[in-house]
Each structure stands twice: as C-alpha cells, then as structure tokens.
$ cat input_16.cif   # mmCIF, C-alpha atoms
data_structure
#
loop_
_atom_site.label_atom_id
_atom_site.label_comp_id
_atom_site.auth_asym_id
_atom_site.auth_seq_id
_atom_site.Cartn_x
_atom_site.Cartn_y
_atom_site.Cartn_z
CA MET A 1 84.09 186.21 119.78
CA SER A 2 86.23 184.70 122.55
CA THR A 3 88.11 181.42 122.46
CA ALA A 4 86.27 180.26 125.56
CA LEU A 5 82.90 180.79 123.88
CA ILE A 6 83.96 178.81 120.81
CA ILE A 7 85.28 175.95 122.97
CA GLU A 8 82.02 175.95 124.92
CA GLN A 9 79.98 175.67 121.72
CA LEU A 10 82.23 172.88 120.43
CA LEU A 11 81.65 170.96 123.66
CA ASN A 12 77.91 171.61 123.43
CA GLY A 13 77.94 170.19 119.90
CA LEU A 14 79.94 167.17 121.02
CA GLN A 15 77.55 166.53 123.92
CA PHE A 16 74.56 166.79 121.56
CA GLY A 17 76.28 164.45 119.13
CA VAL A 18 76.95 161.87 121.86
CA MET A 19 73.28 161.92 122.84
CA LEU A 20 72.34 161.35 119.19
CA PHE A 21 74.84 158.51 119.01
CA LEU A 22 73.15 156.69 121.89
CA MET A 23 69.87 156.97 119.99
CA ALA A 24 71.27 156.17 116.56
CA ALA A 25 73.44 153.21 117.64
CA GLY A 26 70.41 151.21 118.74
CA LEU A 27 68.40 152.30 115.73
CA THR A 28 71.10 151.32 113.25
CA LEU A 29 71.63 147.96 114.98
CA ILE A 30 67.92 147.18 114.76
CA PHE A 31 67.68 148.17 111.11
CA GLY A 32 70.95 146.47 110.17
CA VAL A 33 70.15 143.13 111.79
CA MET A 34 66.37 142.99 111.37
CA GLY A 35 65.76 145.22 108.37
CA LEU A 36 63.08 146.92 110.47
CA ILE A 37 62.06 150.58 110.21
CA ASN A 38 61.32 151.31 113.87
CA LEU A 39 59.47 154.60 114.31
CA ALA A 40 58.83 153.70 117.97
CA HIS A 41 62.51 154.05 118.89
CA GLY A 42 61.90 157.55 120.25
CA SER A 43 59.33 156.11 122.65
CA PHE A 44 62.08 154.12 124.41
CA TYR A 45 64.00 157.38 124.82
CA MET A 46 60.90 158.82 126.51
CA ILE A 47 60.38 155.71 128.66
CA GLY A 48 63.97 155.87 129.88
CA ALA A 49 63.58 159.53 130.84
CA PHE A 50 60.31 158.95 132.71
CA ALA A 51 61.64 155.86 134.50
CA CYS A 52 64.73 157.76 135.63
CA ALA A 53 62.73 160.77 136.80
CA ALA A 54 60.16 158.65 138.66
CA VAL A 55 62.67 156.40 140.42
CA ALA A 56 64.98 159.32 141.26
CA ALA A 57 62.03 161.20 142.78
CA ALA A 58 60.96 158.15 144.80
CA THR A 59 64.41 157.15 146.06
CA GLY A 60 66.38 160.39 145.94
CA SER A 61 69.10 158.68 143.90
CA PHE A 62 69.84 159.68 140.32
CA TRP A 63 71.97 156.56 139.89
CA LEU A 64 69.12 154.23 140.79
CA GLY A 65 67.01 156.20 138.32
CA LEU A 66 69.66 155.69 135.65
CA ALA A 67 69.65 151.94 136.25
CA ALA A 68 65.84 151.98 136.13
CA SER A 69 65.91 153.78 132.79
CA LEU A 70 68.02 151.02 131.25
CA ALA A 71 65.84 148.28 132.71
CA ALA A 72 62.53 149.93 131.79
CA ALA A 73 63.54 150.75 128.21
CA ALA A 74 65.04 147.29 127.64
CA ALA A 75 61.93 145.60 129.07
CA ALA A 76 59.63 147.76 126.95
CA GLY A 77 61.71 146.98 123.88
CA ALA A 78 61.71 143.24 124.52
CA LEU A 79 57.95 143.26 125.14
CA ALA A 80 57.28 145.26 121.97
CA GLU A 81 59.47 142.89 119.95
CA LEU A 82 57.76 139.78 121.31
CA VAL A 83 54.20 141.05 121.00
CA VAL A 84 54.25 143.23 117.88
CA ILE A 85 57.56 143.51 116.03
CA ARG A 86 58.10 139.76 115.62
CA ARG A 87 55.09 139.63 113.30
CA LEU A 88 56.53 142.29 110.97
CA TYR A 89 59.84 140.84 109.76
CA ASP A 90 58.34 139.25 106.66
CA ARG A 91 56.06 142.20 105.93
CA ASP A 92 56.94 145.16 103.74
CA HIS A 93 58.23 148.44 105.13
CA LEU A 94 54.85 150.16 104.93
CA ASP A 95 53.39 147.64 107.40
CA GLN A 96 56.40 148.20 109.68
CA VAL A 97 55.95 151.96 109.57
CA LEU A 98 52.23 151.75 110.37
CA ALA A 99 52.70 149.24 113.21
CA THR A 100 55.57 151.10 114.87
CA PHE A 101 53.70 154.39 114.51
CA ALA A 102 50.84 152.73 116.38
CA LEU A 103 53.35 151.80 119.09
CA ILE A 104 54.25 155.48 119.43
CA LEU A 105 50.62 156.28 120.20
CA ILE A 106 50.31 153.37 122.64
CA PHE A 107 53.48 154.26 124.54
CA SER A 108 52.64 157.97 124.60
CA GLU A 109 49.12 157.52 125.91
CA GLY A 110 50.23 154.85 128.35
CA THR A 111 52.89 157.19 129.72
CA ARG A 112 50.36 160.01 129.93
CA TRP A 113 47.99 157.70 131.84
CA LEU A 114 50.72 156.71 134.32
CA PHE A 115 52.41 160.08 134.90
CA GLY A 116 49.91 162.68 133.72
CA SER A 117 50.31 165.41 131.13
CA PHE A 118 52.56 167.70 133.15
CA PRO A 119 56.35 167.53 132.69
CA LEU A 120 58.59 165.92 135.26
CA TYR A 121 61.94 167.37 136.27
CA LEU A 122 65.13 165.48 137.01
CA ASP A 123 67.91 167.01 139.09
CA ILE A 124 71.56 166.68 138.17
CA PRO A 125 73.30 164.45 140.75
CA PRO A 126 75.30 166.45 143.32
CA ALA A 127 78.57 164.74 142.33
CA LEU A 128 78.24 166.17 138.80
CA SER A 129 76.62 169.51 139.60
CA GLY A 130 79.78 171.61 139.44
CA ALA A 131 81.69 173.15 136.57
CA VAL A 132 85.23 172.96 135.23
CA ASP A 133 87.44 175.77 133.98
CA LEU A 134 87.90 176.19 130.23
CA PRO A 135 90.72 178.00 128.43
CA GLY A 136 89.96 181.72 128.32
CA GLY A 137 88.36 181.88 131.74
CA ALA A 138 84.94 180.33 131.01
CA ARG A 139 83.44 177.44 132.97
CA TYR A 140 81.66 174.39 131.57
CA GLN A 141 79.10 172.18 133.25
CA LEU A 142 80.62 168.97 134.61
CA TYR A 143 77.44 166.99 133.91
CA ARG A 144 77.67 167.71 130.18
CA LEU A 145 81.28 166.50 130.18
CA ALA A 146 80.09 163.35 131.95
CA ILE A 147 77.57 162.74 129.14
CA ILE A 148 80.41 162.97 126.62
CA GLY A 149 82.38 160.48 128.70
CA VAL A 150 79.43 158.07 128.86
CA GLY A 151 79.08 158.26 125.09
CA VAL A 152 82.74 157.40 124.59
CA LEU A 153 82.47 154.44 126.98
CA VAL A 154 79.34 153.18 125.21
CA ALA A 155 81.05 153.49 121.82
CA VAL A 156 84.05 151.47 123.07
CA GLY A 157 81.74 148.91 124.69
CA LEU A 158 79.69 148.49 121.53
CA TYR A 159 82.85 148.06 119.45
CA TYR A 160 84.05 145.35 121.81
CA LEU A 161 80.61 143.69 121.82
CA ILE A 162 80.29 143.65 118.04
CA ALA A 163 83.92 142.82 117.20
CA ARG A 164 85.08 140.53 120.03
CA THR A 165 82.15 138.58 121.49
CA ARG A 166 80.12 135.58 120.37
CA LEU A 167 76.94 137.68 120.49
CA GLY A 168 78.64 140.27 118.30
CA MET A 169 79.63 137.57 115.84
CA ARG A 170 76.01 136.49 115.60
CA ILE A 171 74.87 140.10 115.18
CA ARG A 172 77.36 140.61 112.33
CA ALA A 173 76.29 137.34 110.76
CA GLY A 174 72.65 138.38 111.11
CA GLN A 175 73.40 141.57 109.20
CA SER A 176 74.97 139.58 106.36
CA ASP A 177 72.75 136.50 106.05
CA ARG A 178 70.07 135.89 108.67
CA GLU A 179 68.71 132.81 106.89
CA MET A 180 72.11 131.11 107.00
CA ILE A 181 72.70 131.64 110.72
CA ALA A 182 69.18 130.37 111.41
CA ALA A 183 69.97 127.26 109.36
CA LEU A 184 73.17 126.78 111.42
CA GLY A 185 71.13 126.49 114.61
CA VAL A 186 71.20 130.02 115.99
CA ASP A 187 67.90 130.94 117.66
CA ILE A 188 67.14 133.92 115.45
CA GLY A 189 64.08 134.91 117.50
CA THR A 190 66.13 135.23 120.69
CA LEU A 191 68.85 137.13 118.84
CA TYR A 192 66.30 139.61 117.51
CA THR A 193 64.81 140.12 120.98
CA VAL A 194 68.26 140.74 122.50
CA VAL A 195 69.25 143.21 119.78
CA PHE A 196 65.95 145.05 120.04
CA ALA A 197 66.20 145.25 123.84
CA LEU A 198 69.81 146.48 123.59
CA GLY A 199 68.82 149.20 121.14
CA ALA A 200 65.91 150.24 123.34
CA ALA A 201 68.18 150.35 126.43
CA LEU A 202 70.61 152.68 124.65
CA ALA A 203 67.72 154.99 123.72
CA GLY A 204 66.48 154.88 127.32
CA LEU A 205 69.95 155.78 128.58
CA ALA A 206 70.02 158.80 126.26
CA GLY A 207 66.61 159.92 127.50
CA ALA A 208 67.64 159.60 131.15
CA LEU A 209 70.86 161.56 130.65
CA VAL A 210 69.16 164.36 128.72
CA GLY A 211 66.23 164.40 131.16
CA ALA A 212 68.42 166.22 133.69
CA LEU A 213 69.03 169.01 131.16
CA GLN A 214 65.44 169.55 130.04
CA SER A 215 61.93 168.65 131.13
CA VAL A 216 60.72 165.07 130.85
CA GLN A 217 57.45 165.01 128.95
CA VAL A 218 55.28 162.91 126.70
CA GLY A 219 56.39 163.03 123.07
CA MET A 220 59.95 164.13 123.83
CA GLY A 221 61.43 161.31 121.75
CA GLU A 222 59.94 162.11 118.36
CA PRO A 223 62.09 165.18 117.47
CA VAL A 224 65.22 163.27 118.49
CA LEU A 225 64.13 160.27 116.40
CA ILE A 226 64.16 162.40 113.23
CA LEU A 227 67.74 163.47 113.93
CA ALA A 228 68.72 159.87 114.71
CA PHE A 229 67.48 158.81 111.26
CA VAL A 230 69.56 161.63 109.74
CA VAL A 231 72.58 160.32 111.66
CA ILE A 232 72.30 156.73 110.41
CA VAL A 233 71.68 157.86 106.83
CA ILE A 234 74.81 160.02 106.95
CA GLY A 235 76.92 157.42 108.74
CA GLY A 236 75.70 154.35 106.89
CA ILE A 237 72.85 152.05 107.88
CA GLY A 238 73.96 149.21 110.12
CA SER A 239 77.33 150.74 111.01
CA ILE A 240 78.19 151.62 114.63
CA LYS A 241 81.26 153.54 113.44
CA GLY A 242 79.07 155.42 111.00
CA ALA A 243 76.55 156.21 113.74
CA LEU A 244 79.31 157.68 115.92
CA VAL A 245 80.86 159.78 113.15
CA GLY A 246 77.46 160.86 111.83
CA ALA A 247 76.20 161.79 115.29
CA VAL A 248 79.23 163.94 116.09
CA LEU A 249 79.00 165.57 112.66
CA VAL A 250 75.29 166.34 113.10
CA GLY A 251 75.76 167.57 116.67
CA LEU A 252 78.59 169.94 115.77
CA THR A 253 76.93 171.13 112.57
CA ASP A 254 73.64 171.91 114.29
CA THR A 255 75.16 173.57 117.36
CA LEU A 256 77.79 175.64 115.55
CA GLY A 257 75.32 176.54 112.79
CA ARG A 258 72.80 177.93 115.28
CA PHE A 259 75.61 179.82 117.01
CA LEU A 260 77.58 181.19 114.04
CA LEU A 261 75.13 181.71 111.17
CA PRO A 262 73.00 184.42 112.85
CA LYS A 263 76.19 186.33 113.68
CA LEU A 264 77.51 185.90 110.15
CA PHE A 265 74.34 187.14 108.45
CA ALA A 266 73.95 189.94 110.96
CA ALA A 267 77.23 191.39 109.69
CA PHE A 268 75.69 191.84 106.22
CA LEU A 269 71.94 192.20 106.79
CA GLY A 270 71.74 193.90 110.17
CA PRO A 271 71.07 192.34 113.58
CA SER A 272 67.35 191.66 113.26
CA GLU A 273 67.12 190.36 109.70
CA GLY A 274 70.47 188.59 109.97
CA ALA A 275 69.35 186.72 113.07
CA THR A 276 66.13 185.65 111.33
CA VAL A 277 67.84 184.45 108.15
CA GLY A 278 70.68 182.81 110.05
CA ALA A 279 68.35 180.93 112.37
CA ALA A 280 66.24 179.71 109.44
CA LEU A 281 69.31 178.47 107.53
CA ALA A 282 70.76 176.89 110.67
CA SER A 283 67.62 174.79 111.12
CA MET A 284 68.13 173.38 107.59
CA LEU A 285 71.89 172.97 107.79
CA ILE A 286 72.07 169.31 108.85
CA TYR A 287 69.73 168.33 106.01
CA ILE A 288 71.89 170.25 103.55
CA VAL A 289 74.94 168.40 104.88
CA MET A 290 73.08 165.09 104.55
CA ALA A 291 72.15 165.85 100.93
CA LEU A 292 75.73 166.77 100.06
CA ILE A 293 77.14 163.61 101.65
CA LEU A 294 74.59 161.38 99.91
CA ALA A 295 75.38 163.02 96.58
CA PHE A 296 78.92 161.64 96.81
CA ARG A 297 78.39 158.67 99.16
CA PRO A 298 74.88 157.30 98.50
CA LYS A 299 75.28 154.55 101.13
CA GLY A 300 76.64 156.92 103.78
CA LEU A 301 80.15 157.53 105.07
CA PHE A 302 80.74 154.06 106.53
CA PRO A 303 78.19 151.58 105.17
CA ALA A 304 78.09 148.25 107.00
CA THR A 305 78.86 146.33 103.82
CA ALA A 306 82.03 148.33 103.19
#
$ encode --input "input_16.cif" --output "structure tokens"
Amino acid sequence: MSTALIIEQLLNGLQFGVMLFLMAAGLTLIFGVMGLINLAHGSFYMIGAFACAAVAAATGSFWLGLAASLAAAAAAGALAELVVIRRLYDRDHLDQVLATFALILIFSEGTRWLFGSFPLYLDIPPALSGAVDLPGGARYQLYRLAIIGVGVLVAVGLYYLIARTRLGMRIRAGQSDREMIAALGVDIGTLYTVVFALGAALAGLAGALVGALQSVQVGMGEPVLILAFVVIVIGGIGSIKGALVGAVLVGLTDTLGRFLLPKLFAAFLGPSEGATVGAALASMLIYIVMALILAFRPKGLFPATA
C-alpha cells in the first residue's frame, strides 16, 4: 500500500467531510436557534445542485451556476420558512417531522416536474479541471482540493459571523433564550427567516459543488441528510465547531473504513469473503463511532451549551 494512495484517501475523506460540514452547519444552526427538526434540509441540497446544473448549461458558466445555487436554495428556504415552517415552532417534534417530510415530497415532485426524471450532469470548470502532484508520484484532482478550500473558507466565515457580528450575537442569543431577545425588541420572525435561508444556502452550495462529481438527480439529498444528522449528533447540536469536527471525523472514518477494512479482512478470510465482510462493516462504521462517542459524551463532542 503506497504512501500516495493513503494520502489520496485521506484527501478524499477530508473532501467528503467538508461537503458534510456544509450540510451540517446549516442544519445545526436551524436546530440550535429554532429547535426545529428539518427533514427537508436535503431538498435544499438538491435544489442547489439542479439550479447550478441548469444555469451552467444555459450560460456555459459554472460560476454563474454556483451563484444561482446559493440564490435558489436561499430563496426556497426563506419561502418554506415563511409559508410552512413558521407555523411549527410551537408544535411538538412529531408535527415538525411530518410537515418537513411533506416538504421533501413537494420539492422532489416539483423538481421532477421542472427538470424531468433523468439526471443532469455538471462539468467541472476548466480552471479547476487539472490535477496536482502528491508525494509518491500520484496526482490528485484540483477540483476536490478546491472543495476543501471552500469548506475552510466557509468555516472561517461562519465563525466570524457567529462570534463577531451583530447578527451572530442575535443568533447566539436566540440559541440561549429566544423569548428574552424577542422581549428586547428583536424581530424574531425575521431572524428565523434569515437563519433558515442561510442554512438552506449552505446546503445548496454543497449540492452544487458535489454535482460536478456525480449526477444531479431527484432525491440526491436524502442520503446526505442522514449523514448530516450523524455529524451534528457527534459534534453537538447547535455547535458550528462541533459540526466541523464531526464532519471531518465522519468523512475520514467512512472513506478510510471503506478503503482499509476490505483489505484487512481479506488478509484473514480471503479476498472474496474479506471484501464482503469488510464492506459490510465499513458501511456501519460511522454509526459505531457515533455510539461510542455518545456513550462517553451524550451531548456530543462540542455541545453549544458547553
């Protein structure tokens, strides 16, 4: 097993983790501020991917498509919050789950009606279509490195937003005592809409970035949503730092597990059976890690109240 191959898999895990962070950051903000279980968050990931693919195909510019993904996902999030979500804050979590599940169906069928059932494909922009040399002689895709860079920039931007701006102060106050900030004159409805739109825009950005690596299709957000929930449970609900650490941990665990476990079991059980057992265990590995972390840290690694 070469050094270059291990470095490549580490970078793949980091890139996967960054994509999960973009999803989980918005999800944990929404839950932390609003106390809302938003099953429709994966739909904004899908909307961002479709908006990027459609605009890029119409204009020939990936960058215009990327801007469109942010705008479309944020607009869809704001509209969903104003029309549906706003009526759920005082309801129990079962009502929230049912209503946001209904939003999944509405967004999925609406997207299918607009774009059809066939997948769309998004090309990597020419400026990022090359590869860079890795130690050991291997080459790694420049676009994947760019995704890692975007994730780092978003993490820094979110830290600055939450820690250093007036909006961030209101978001932190909303996490602690929403009734008090409403009593102090803060328009809590507007704050909720802004936070929901911001979370949706981050999900849309993740969908647009990943859309150039895989097909863009209806329902693509639901599998990622499950992993995003795992990330925020591991990292701590409401914590951006926890979302970042949890996402990187999940990304590396999943990628390295799928790469190493089949090889490890093949050494004892033979190639065929070892690959089968290793792949099966690798698919469960992140949930095993989550269970172990929660056994010692029931509120996650970095709970927002800590």
$ resolve_selection --input "input_16.cif" --expression "the PyMOL selection byres ((chain A and resi 70-75) around 9)" --output "PyMOL selection string"
chain A and resi 43-48+51-52+65-69+76-80+194+196-205+208
$ resolve_selection --input "input_16.cif" --expression "the PyMOL selection byres ((chain A and resi 91-103) around 8)" --output "list in words"
Leu36, Ile37, Asn38, Leu39, Ala40, Val84, Ile85, Arg87, Leu88, Tyr89, Asp90, Ile104, Leu105, Ile106 and Phe107 of chain A
$ atom_distance --input "input_16.cif" --atom1 "atom CA of A:Gly238" --atom2 "atom CA of A:Gly13"
23.5 Å
$ closest_residue --input "input_16.cif" --among "A:Pro126, A:Gly137, A:Gly60, A:Gly110" --to "A:Leu5" --atoms "all atoms listed in the file"
A:Gly137
$ closest_residue --input "input_16.cif" --among "A:Pro135, A:Ala266, A:Ile240, A:Gly116" --to "A:Gly157" --atoms "all atoms listed in the file"
A:Ile240
$ closest_residue --input "input_16.cif" --among "A:Gly251, A:Gly168, A:Gly149, A:Gly257" --to "A:Val33" --atoms "only C-alpha atoms"
A:Gly168
$ atom_distance --input "input_16.cif" --atom1 "atom CA of A:Asn12" --atom2 "atom CA of A:Ser129"
16.4 Å
$ decode --input "input_16.cif" --residues "stretch 58-156 of chain A" --atoms "C-alpha atoms" --output "compact mmCIF listing (two decimals), in the first residue's frame"
# COMPACT_ATOMS: atom_id res chain seq x y z
CA ALA A 58 -27.84 27.71 -20.15
CA THR A 59 -24.95 30.15 -19.76
CA GLY A 60 -21.87 27.97 -20.11
CA SER A 61 -20.52 29.34 -16.82
CA PHE A 62 -20.07 27.13 -13.76
CA TRP A 63 -19.54 30.22 -11.61
CA LEU A 64 -22.90 31.72 -12.56
CA GLY A 65 -24.40 28.32 -11.77
CA LEU A 66 -22.72 28.37 -8.36
CA ALA A 67 -24.19 31.80 -7.61
CA ALA A 68 -27.59 30.56 -8.80
CA SER A 69 -27.37 27.58 -6.45
CA LEU A 70 -26.91 29.86 -3.45
CA ALA A 71 -29.73 32.16 -4.53
CA ALA A 72 -32.17 29.35 -5.39
CA ALA A 73 -31.56 27.39 -2.19
CA ALA A 74 -31.76 30.50 0.00
CA ALA A 75 -34.98 31.62 -1.72
CA ALA A 76 -36.52 28.15 -1.37
CA GLY A 77 -35.53 28.09 2.29
CA ALA A 78 -36.97 31.53 3.00
CA LEU A 79 -40.20 30.64 1.20
CA ALA A 80 -40.54 27.34 3.08
CA GLU A 81 -39.93 29.11 6.39
CA LEU A 82 -42.50 31.82 5.69
CA VAL A 83 -45.21 29.53 4.34
CA VAL A 84 -44.81 26.33 6.36
CA ILE A 85 -42.08 26.28 8.98
CA ARG A 86 -43.22 29.41 10.81
CA ARG A 87 -46.37 27.59 11.89
CA LEU A 88 -44.39 24.75 13.51
CA TYR A 89 -42.27 26.44 16.17
CA ASP A 90 -44.81 25.95 18.93
CA ARG A 91 -45.75 22.45 17.80
CA ASP A 92 -44.13 19.24 19.02
CA HIS A 93 -41.37 17.50 17.11
CA LEU A 94 -43.70 14.92 15.56
CA ASP A 95 -45.61 17.70 13.77
CA GLN A 96 -42.29 19.16 12.58
CA VAL A 97 -41.15 15.80 11.24
CA LEU A 98 -44.41 15.20 9.37
CA ALA A 99 -44.53 18.72 7.89
CA THR A 100 -40.90 18.76 6.76
CA PHE A 101 -41.27 15.25 5.33
CA ALA A 102 -44.17 16.61 3.29
CA LEU A 103 -41.84 19.36 2.07
CA ILE A 104 -39.45 16.67 0.82
CA LEU A 105 -42.22 15.24 -1.35
CA ILE A 106 -43.27 18.68 -2.60
CA PHE A 107 -39.73 19.73 -3.52
CA SER A 108 -38.93 16.38 -5.12
CA GLU A 109 -42.03 16.27 -7.29
CA GLY A 110 -41.70 19.94 -8.15
CA THR A 111 -38.12 19.38 -9.27
CA ARG A 112 -39.17 16.33 -11.26
CA TRP A 113 -41.90 18.40 -12.94
CA LEU A 114 -39.44 21.16 -13.87
CA PHE A 115 -36.42 19.09 -14.96
CA GLY A 116 -37.78 15.62 -15.65
CA SER A 117 -36.76 12.29 -14.17
CA PHE A 118 -33.44 11.94 -15.97
CA PRO A 119 -30.21 13.03 -14.24
CA LEU A 120 -28.42 16.21 -15.21
CA TYR A 121 -24.65 16.45 -15.47
CA LEU A 122 -22.46 19.34 -14.41
CA ASP A 123 -18.97 19.82 -15.82
CA ILE A 124 -16.02 20.81 -13.69
CA PRO A 125 -14.93 24.36 -14.62
CA PRO A 126 -11.86 24.41 -16.88
CA ALA A 127 -9.83 26.42 -14.34
CA LEU A 128 -10.16 23.55 -11.84
CA SER A 129 -10.08 20.59 -14.22
CA GLY A 130 -6.42 19.71 -13.74
CA ALA A 131 -4.58 17.72 -11.10
CA VAL A 132 -1.74 18.36 -8.68
CA ASP A 133 1.18 16.11 -7.80
CA LEU A 134 1.10 14.24 -4.49
CA PRO A 135 4.05 12.77 -2.59
CA GLY A 136 4.89 9.36 -4.01
CA GLY A 137 4.14 10.25 -7.61
CA ALA A 138 0.32 10.19 -7.58
CA ARG A 139 -1.88 13.04 -8.82
CA TYR A 140 -4.98 14.45 -7.14
CA GLN A 141 -7.89 16.28 -8.72
CA LEU A 142 -7.61 20.05 -8.32
CA TYR A 143 -11.40 20.44 -8.08
CA ARG A 144 -11.56 18.25 -4.98
CA LEU A 145 -8.84 20.37 -3.36
CA ALA A 146 -10.90 23.45 -4.24
CA ILE A 147 -13.90 21.95 -2.40
CA ILE A 148 -11.72 21.50 0.68
CA GLY A 149 -10.63 25.13 0.36
CA VAL A 150 -14.24 26.33 0.06
CA GLY A 151 -15.14 24.39 3.19
CA VAL A 152 -12.31 26.01 5.15
CA LEU A 153 -13.36 29.48 3.96
CA VAL A 154 -16.99 28.82 4.90
CA ALA A 155 -15.94 27.57 8.35
CA VAL A 156 -13.88 30.74 8.94
